[in-house]
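K.L.:
This structure is in structure tokens; I'll ask about it shortly.
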Amino acid sequence: MKIADKIFNQPGLSLLFLTSLMLMVLNIPRAEAAGKVSITFDDGFASTFENALPVLKQHNLVGTVYVTSGFIGNRGFMNWDQVLKLKNTYGWEIGGHTVQHEELPELDSSGIANEVNDSLDTLRSLGLNTVSFASPFGAYDSRVLVEVLKRYHSHRGFWDRDDLNSPPYQRDVLMVQSVERGVSSATVKSWVDQAINEDKWLILVYHEVLPQEEHDPNFEYTNTIDELTEVVKYVKSSGIQAVTPNHTLRNQGNNLLENGSFNKGINQGWTVGDFDRVFIDGRNNGSYPSSRNSVTFEAGNTATHLFSENIAIQNSNTEYSFSVFVNTDNISRGEVGFYIDEYDSNDNWISGQWVGDVPPKKVTYYNFSYRPSSSRVKSFSWQTYTGDANDGRVFLDNYKVHK
């Protein structure tokens, strides 16, 4: 029997797996597939540098490590020289993971801010341009997200496993899959297959990576070097894009809104319905990278609105992606919602498309996609509204439109 016959006659093997296996056997490079995968490691264990790094390096892949800054230099963890080498020599991304790995929702607001900010300040002082954060234990609430999203471009949990990530990516709560005790290599490979087949972004989370003889089967968050190697080989052979969160989330092109962060005030590029209720708040209630200014909607007895500048359309088949930071944690009723207003070549209004809302008690990036309704549409404006039921302040920041 030929080698190919032996391989393809095995039951229960996916076509993608079989194709990848044949390419490995025949040493044929595979063309880049759809989808993305990020290989991430939490806490900053010494094994990340000693055991995981060589495996990824051998296959020309880079990873991301979310370091707990107060652990670095302690027994069982990397030292700062190793952390810097991961970034500066091997091209890894370094993310934040607090100072002492506290369960953040159990702390008061001051404690949350200290854990989030002191860790980042340490990383920045070492020349690390850290922009990604992961909550210890995957524990977060609105107060945590408020602090994290002021200083970090993205937030990753741990128990958020409903699906893989789809564009436009929900960067306030990124979805993951944890590679831990009881998760087989076959399962991880199936996640890679899913990312390719559905053109989605898979984020894998590892902790300890140890030789088989040091592997503690009673510690849930550990894998052997052989297990990691098997997955890394499959990632490489599959042709999927292996990326870091920073690269994935920041590589979106130019923002079509000139003053989306309100650093030039509210009169530059924006039209306000009621200046008494829609105004700039300069008390650091916005989001990364410039959280000082945000726009505030004050509660009132009537609806009020904010309109962006008109954005010209060259091709009616173009799809646009939208993102805005929204904090409704200070209201218990009401909403903040969004429309797209379409205009013809003479700036006459054609239609208004409602694209959704954010309910009370949320801190999030609201994302949506839009495609012009017809070839008559030559420009559009992004409208934000609040109704007459809101009972507190809403903060919005970092409006972004990409095509």
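We name chains A, B, ... following the order of the structure tokens; residues begin at 1 in each chain, and ligands are numbered from 1 as shown.
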Would you list the contacts of range 136-142 of chain A as a list in words, taking every protein, DNA or RNA residue within 6 Å and counting only C-alpha atoms, but skipping same-chain residues closer than 5 positions in sequence?
P.N.:
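The residues that qualify are His101, Pro105, Gly157, Phe158, Trp159 and Val363 of chain A.
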K.L.:
With range 161-173 of chain A as the partner and 12 Å as the cut-off, tabulate the residues of range 205-303 of chain A that qualify, each row holding the nearest pair of atoms and their distance in Å to one decimal, using only C-alpha atoms, sorted by chain and rising number, as a tab-separated table.
P.N.:
residue	atom	partner	partner_atom	distance
A:Val205	CA	A:Arg161	CA	11.1
A:Pro245	CA	A:Arg171	CA	9.3
A:Asn246	CA	A:Arg171	CA	10.4
A:Thr248	CA	A:Tyr169	CA	9.2
A:Leu249	CA	A:Tyr169	CA	7.5
A:Arg250	CA	A:Arg171	CA	10.4
A:Asn251	CA	A:Tyr169	CA	11.8
A:Gln252	CA	A:Pro168	CA	10.0
A:Ser287	CA	A:Asp172	CA	10.6
A:Tyr288	CA	A:Asp172	CA	11.1
K.L.:
Rank A:Ser184, A:Asn263, A:Thr222, A:Asn315 by their smallest atom-to-atom distance to Ser47 in chain A, using only C-alpha atoms, and report the top residue only.
P.N.:
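For Ser47 in chain A, the nearest of the candidates is A:Thr222.
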K.L.:
Would you mind writing down, as a list in words, each residue of range 88-163 of chain A that DSSP on the backbone assigns to alpha helix (DSSP H)?
P.N.:
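Checking each residue of range 88-163 of chain A, the alpha helix (DSSP H) ones are Asn88, Ser109, Ser110, Gly111, Ile112, Ala113, Asn114, Glu115, Val116, Asn117, Asp118, Ser119, Leu120, Asp121, Thr122, Leu123, Arg124, Ser125, Ser142, Arg143, Val144, Leu145, Val146, Glu147, Val148, Leu149, Lys150 and Arg151 of chain A.
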K.L.:
Any chance you could export the current selection's C-alpha atoms as a PDB file, in the first residue's frame?
P.N.:
ATOM      1  CA  ASN A  88      13.508  42.909  21.133  1.00  0.00           C
ATOM      2  CA  SER A 109     -11.722  51.403  42.259  1.00  0.00           C
ATOM      3  CA  SER A 110      -8.374  52.674  43.533  1.00  0.00           C
ATOM      4  CA  GLY A 111      -7.014  49.143  43.798  1.00  0.00           C
ATOM      5  CA  ILE A 112      -8.136  48.329  40.255  1.00  0.00           C
ATOM      6  CA  ALA A 113      -6.466  51.460  38.906  1.00  0.00           C
ATOM      7  CA  ASN A 114      -3.225  50.682  40.738  1.00  0.00           C
ATOM      8  CA  GLU A 115      -3.047  47.098  39.480  1.00  0.00           C
ATOM      9  CA  VAL A 116      -3.761  48.147  35.896  1.00  0.00           C
ATOM     10  CA  ASN A 117      -1.683  51.311  35.719  1.00  0.00           C
ATOM     11  CA  ASP A 118       1.341  50.412  37.847  1.00  0.00           C
ATOM     12  CA  SER A 119       1.949  47.299  35.778  1.00  0.00           C
ATOM     13  CA  LEU A 120       1.776  49.260  32.537  1.00  0.00           C
ATOM     14  CA  ASP A 121       4.033  52.001  33.911  1.00  0.00           C
ATOM     15  CA  THR A 122       6.657  49.372  34.732  1.00  0.00           C
ATOM     16  CA  LEU A 123       6.483  47.904  31.243  1.00  0.00           C
ATOM     17  CA  ARG A 124       6.646  51.325  29.606  1.00  0.00           C
ATOM     18  CA  SER A 125       9.636  52.316  31.764  1.00  0.00           C
ATOM     19  CA  SER A 142     -17.527  47.503  34.176  1.00  0.00           C
ATOM     20  CA  ARG A 143     -15.155  49.184  36.623  1.00  0.00           C
ATOM     21  CA  VAL A 144     -12.282  47.031  35.382  1.00  0.00           C
ATOM     22  CA  LEU A 145     -13.054  47.714  31.733  1.00  0.00           C
ATOM     23  CA  VAL A 146     -13.218  51.468  32.393  1.00  0.00           C
ATOM     24  CA  GLU A 147      -9.662  51.443  33.779  1.00  0.00           C
ATOM     25  CA  VAL A 148      -8.207  48.965  31.299  1.00  0.00           C
ATOM     26  CA  LEU A 149      -9.590  50.635  28.191  1.00  0.00           C
ATOM     27  CA  LYS A 150      -8.215  54.034  29.214  1.00  0.00           C
ATOM     28  CA  ARG A 151      -4.661  52.775  28.764  1.00  0.00           C
TER      29      ARG A 151
END
K.L.:
When you look at range 328-343 of chain A with a cut-off of 6 Å (counting only C-alpha atoms), what residues show up, excluding the ones that are within fewer than 4 positions of it in the same chain? I need them as an NGL selection string.
P.N.:
:A and (347-362 or 377 or 379-386 or 389-394)
K.L.:
Using the selection just defined, write its residues with N, CA and C atoms as a compact mmCIF listing (two decimals), in the first residue's frame.
P.N.:
# COMPACT_ATOMS: atom_id res chain seq x y z
N ASP A 347 -26.06 66.62 -1.51
CA ASP A 347 -26.17 66.64 -0.05
C ASP A 347 -27.62 66.60 0.44
N ASN A 348 -28.50 66.07 -0.39
CA ASN A 348 -29.87 65.86 0.04
C ASN A 348 -29.95 64.53 0.80
N TRP A 349 -30.66 64.53 1.93
CA TRP A 349 -30.82 63.32 2.74
C TRP A 349 -31.63 62.28 1.99
N ILE A 350 -31.11 61.05 1.95
CA ILE A 350 -31.82 59.96 1.27
C ILE A 350 -32.49 59.03 2.28
N SER A 351 -31.75 58.61 3.29
CA SER A 351 -32.31 57.66 4.25
C SER A 351 -31.51 57.69 5.54
N GLY A 352 -32.13 57.15 6.58
CA GLY A 352 -31.45 56.95 7.85
C GLY A 352 -31.56 55.49 8.25
N GLN A 353 -30.43 54.84 8.43
CA GLN A 353 -30.43 53.43 8.79
C GLN A 353 -30.05 53.28 10.26
N TRP A 354 -30.96 52.75 11.06
CA TRP A 354 -30.65 52.48 12.46
C TRP A 354 -29.73 51.26 12.51
N VAL A 355 -28.61 51.39 13.26
CA VAL A 355 -27.62 50.30 13.28
C VAL A 355 -27.41 49.72 14.68
N GLY A 356 -28.24 50.12 15.64
CA GLY A 356 -28.16 49.47 16.95
C GLY A 356 -28.00 50.44 18.10
N ASP A 357 -27.98 49.88 19.31
CA ASP A 357 -27.84 50.70 20.52
C ASP A 357 -27.08 49.94 21.59
N VAL A 358 -26.70 50.67 22.62
CA VAL A 358 -26.02 50.09 23.78
C VAL A 358 -26.91 50.33 25.00
N PRO A 359 -27.29 49.29 25.73
CA PRO A 359 -28.17 49.45 26.89
C PRO A 359 -27.41 49.98 28.10
N PRO A 360 -28.10 50.23 29.20
CA PRO A 360 -27.43 50.70 30.42
C PRO A 360 -26.45 49.68 30.99
N LYS A 361 -25.53 50.21 31.82
CA LYS A 361 -24.58 49.38 32.58
C LYS A 361 -23.63 48.59 31.68
N LYS A 362 -23.15 49.24 30.63
CA LYS A 362 -22.22 48.60 29.73
C LYS A 362 -20.99 49.49 29.53
N VAL A 377 -26.18 56.94 -3.20
CA VAL A 377 -25.56 57.46 -1.97
C VAL A 377 -24.13 57.89 -2.28
N SER A 379 -22.45 60.17 0.06
CA SER A 379 -21.78 60.44 1.34
C SER A 379 -22.67 59.96 2.47
N PHE A 380 -22.09 59.82 3.64
CA PHE A 380 -22.87 59.42 4.81
C PHE A 380 -22.34 60.13 6.05
N SER A 381 -23.19 60.20 7.07
CA SER A 381 -22.82 60.76 8.36
C SER A 381 -23.21 59.78 9.44
N TRP A 382 -22.41 59.73 10.50
CA TRP A 382 -22.66 58.84 11.64
C TRP A 382 -23.38 59.63 12.71
N GLN A 383 -24.61 59.23 13.01
CA GLN A 383 -25.43 59.92 14.00
C GLN A 383 -25.49 59.12 15.31
N THR A 384 -25.26 59.81 16.42
CA THR A 384 -25.42 59.22 17.76
C THR A 384 -26.60 59.92 18.43
N TYR A 385 -27.43 59.15 19.11
CA TYR A 385 -28.58 59.75 19.80
C TYR A 385 -28.74 59.15 21.20
N THR A 386 -29.35 59.90 22.08
CA THR A 386 -29.88 59.36 23.33
C THR A 386 -31.34 59.77 23.42
N ALA A 389 -35.33 58.87 28.05
CA ALA A 389 -35.43 58.03 29.26
C ALA A 389 -34.13 57.95 30.04
N ASN A 390 -33.03 58.43 29.47
CA ASN A 390 -31.74 58.31 30.16
C ASN A 390 -31.75 59.07 31.47
N ASP A 391 -31.16 58.47 32.50
CA ASP A 391 -31.17 59.09 33.82
C ASP A 391 -29.76 59.41 34.33
N GLY A 392 -28.79 59.47 33.45
CA GLY A 392 -27.42 59.79 33.86
C GLY A 392 -26.56 60.11 32.66
N ARG A 393 -25.26 60.24 32.89
CA ARG A 393 -24.34 60.60 31.82
C ARG A 393 -23.84 59.38 31.06
N VAL A 394 -23.68 59.58 29.76
CA VAL A 394 -23.08 58.58 28.88
C VAL A 394 -21.81 59.18 28.30
K.L.:
Quick check for you: according to DSSP on this backbone, which residues of range 59-107 of chain A are classed as strand (DSSP E or B)? Reply as a list in words.
P.N.:
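Residues meeting the strand (DSSP E or B) criterion: Thr64, Val65, Tyr66, Val67, Phe77, Glu93, Ile94, Gly95 and Gly96 of chain A.
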K.L.:
So which residues touch Thr229 in chain A within 9 Å, counting only C-alpha atoms, skipping near sequence neighbours fewer than 6 positions away, as a count of residues only?
P.N.:
3
K.L.:
What is the CA of Lys403 in chain A-CA of Thr304 in chain A distance in Å, reported with one decimal?
P.N.:
28.0 Å
K.L.:
One decimal, Å: what's the distance from CA of Ser375 in chain A over to CA of Asn317 in chain A, could you say?
P.N.:
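The value is 8.2 Å.
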K.L.:
Can you measure CA of Asp199 in chain A to CA of Val183 in chain A for me? One decimal in Å is fine.
P.N.:
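For CA of Asp199 in chain A relative to CA of Val183 in chain A, the distance reads 22.6 Å.
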K.L.:
For Leu210 in chain A, which residue out of A:Glu93, A:Glu227, A:Glu298, A:Asp193 is the nearest one, using only C-alpha atoms?
P.N.:
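Looking at the shortest contact to Leu210 in chain A, the residue is A:Glu227.
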K.L.:
Give me, as a list in words, all polymer residues having an atom no more than 12 Å from Asn267 in chain A, counting only C-alpha atoms and skipping those fewer than 2 positions away in the same chain.
P.N.:
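Here the qualifying residues turn out to be Glu258, Asn259, Gly260, Phe262, Asn263, Lys264, Gly265, Gly269, Trp270, Thr271, Val272, Gly273, Phe275, Val278, Phe279, Ile280, Val295, Leu306, Phe307, Ser308 and Glu309 of chain A.
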K.L.:
Generate the output file for the selected residues, N, CA and C atoms, as a PDB file, in the first residue's frame.
P.N.:
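The result, written out as out37.pdb:
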ATOM      1  N   GLU A 258     -11.679  62.707  11.052  1.00  0.00           N
ATOM      2  CA  GLU A 258     -10.498  63.490  11.409  1.00  0.00           C
ATOM      3  C   GLU A 258     -10.358  63.706  12.910  1.00  0.00           C
ATOM      4  N   ASN A 259     -11.467  63.870  13.623  1.00  0.00           N
ATOM      5  CA  ASN A 259     -11.439  64.241  15.037  1.00  0.00           C
ATOM      6  C   ASN A 259     -12.239  63.252  15.871  1.00  0.00           C
ATOM      7  N   GLY A 260     -11.953  61.960  15.671  1.00  0.00           N
ATOM      8  CA  GLY A 260     -12.729  60.938  16.357  1.00  0.00           C
ATOM      9  C   GLY A 260     -12.464  60.836  17.840  1.00  0.00           C
ATOM     10  N   PHE A 262     -11.851  63.649  19.721  1.00  0.00           N
ATOM     11  CA  PHE A 262     -12.260  64.937  20.279  1.00  0.00           C
ATOM     12  C   PHE A 262     -11.094  65.730  20.868  1.00  0.00           C
ATOM     13  N   ASN A 263      -9.874  65.465  20.378  1.00  0.00           N
ATOM     14  CA  ASN A 263      -8.731  66.239  20.852  1.00  0.00           C
ATOM     15  C   ASN A 263      -8.766  67.678  20.348  1.00  0.00           C
ATOM     16  N   LYS A 264      -9.569  67.920  19.297  1.00  0.00           N
ATOM     17  CA  LYS A 264      -9.728  69.277  18.762  1.00  0.00           C
ATOM     18  C   LYS A 264     -11.046  69.886  19.200  1.00  0.00           C
ATOM     19  N   GLY A 265     -11.627  69.362  20.273  1.00  0.00           N
ATOM     20  CA  GLY A 265     -12.915  69.863  20.733  1.00  0.00           C
ATOM     21  C   GLY A 265     -14.055  69.185  20.025  1.00  0.00           C
ATOM     22  N   GLY A 269     -15.501  68.984  13.031  1.00  0.00           N
ATOM     23  CA  GLY A 269     -15.974  67.745  12.427  1.00  0.00           C
ATOM     24  C   GLY A 269     -17.255  67.191  13.014  1.00  0.00           C
ATOM     25  N   TRP A 270     -17.874  67.885  13.963  1.00  0.00           N
ATOM     26  CA  TRP A 270     -19.080  67.359  14.600  1.00  0.00           C
ATOM     27  C   TRP A 270     -20.163  68.439  14.664  1.00  0.00           C
ATOM     28  N   THR A 271     -21.413  68.009  14.594  1.00  0.00           N
ATOM     29  CA  THR A 271     -22.563  68.892  14.749  1.00  0.00           C
ATOM     30  C   THR A 271     -23.387  68.399  15.924  1.00  0.00           C
ATOM     31  N   VAL A 272     -23.709  69.308  16.829  1.00  0.00           N
ATOM     32  CA  VAL A 272     -24.367  68.957  18.090  1.00  0.00           C
ATOM     33  C   VAL A 272     -25.814  69.433  18.077  1.00  0.00           C
ATOM     34  N   GLY A 273     -26.727  68.587  18.587  1.00  0.00           N
ATOM     35  CA  GLY A 273     -28.127  68.964  18.656  1.00  0.00           C
ATOM     36  C   GLY A 273     -28.438  69.900  19.803  1.00  0.00           C
ATOM     37  N   PHE A 275     -26.109  71.857  22.862  1.00  0.00           N
ATOM     38  CA  PHE A 275     -24.815  72.032  23.517  1.00  0.00           C
ATOM     39  C   PHE A 275     -24.911  71.972  25.040  1.00  0.00           C
ATOM     40  N   VAL A 278     -24.840  67.914  25.240  1.00  0.00           N
ATOM     41  CA  VAL A 278     -23.792  67.182  24.529  1.00  0.00           C
ATOM     42  C   VAL A 278     -22.556  68.062  24.496  1.00  0.00           C
ATOM     43  N   PHE A 279     -21.511  67.633  25.196  1.00  0.00           N
ATOM     44  CA  PHE A 279     -20.336  68.499  25.348  1.00  0.00           C
ATOM     45  C   PHE A 279     -19.105  67.649  25.642  1.00  0.00           C
ATOM     46  N   ILE A 280     -17.940  68.291  25.587  1.00  0.00           N
ATOM     47  CA  ILE A 280     -16.685  67.601  25.854  1.00  0.00           C
ATOM     48  C   ILE A 280     -16.481  67.452  27.359  1.00  0.00           C
ATOM     49  N   VAL A 295     -16.802  62.663  24.638  1.00  0.00           N
ATOM     50  CA  VAL A 295     -18.033  63.428  24.508  1.00  0.00           C
ATOM     51  C   VAL A 295     -19.045  62.862  25.496  1.00  0.00           C
ATOM     52  N   LEU A 306     -25.809  63.790  18.061  1.00  0.00           N
ATOM     53  CA  LEU A 306     -24.475  64.211  17.644  1.00  0.00           C
ATOM     54  C   LEU A 306     -24.239  63.641  16.252  1.00  0.00           C
ATOM     55  N   PHE A 307     -23.809  64.500  15.310  1.00  0.00           N
ATOM     56  CA  PHE A 307     -23.595  64.072  13.933  1.00  0.00           C
ATOM     57  C   PHE A 307     -22.125  64.260  13.562  1.00  0.00           C
ATOM     58  N   SER A 308     -21.557  63.252  12.905  1.00  0.00           N
ATOM     59  CA  SER A 308     -20.200  63.387  12.386  1.00  0.00           C
ATOM     60  C   SER A 308     -20.215  64.198  11.104  1.00  0.00           C
ATOM     61  N   GLU A 309     -19.042  64.565  10.640  1.00  0.00           N
ATOM     62  CA  GLU A 309     -18.901  65.147   9.317  1.00  0.00           C
ATOM     63  C   GLU A 309     -19.370  64.141   8.270  1.00  0.00           C
TER      64      GLU A 309
END
K.L.:
Just checking: using only C-alpha atoms, which residue out of A:Ser323, A:Thr40, A:Asn293, A:Ser190 ends up closest to Leu257 in chain A?
P.N.:
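Ranked by minimum distance to Leu257 in chain A, first place goes to A:Ser323.
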K.L.:
Near Asp81 in chain A, counting only C-alpha atoms, which residues have an atom at most 12 Å away, once you skip same-chain residues fewer than 6 positions from it, shown as a PyMOL selection string?
P.N.:
chain A and resi 46+49+72-73+87-89+126
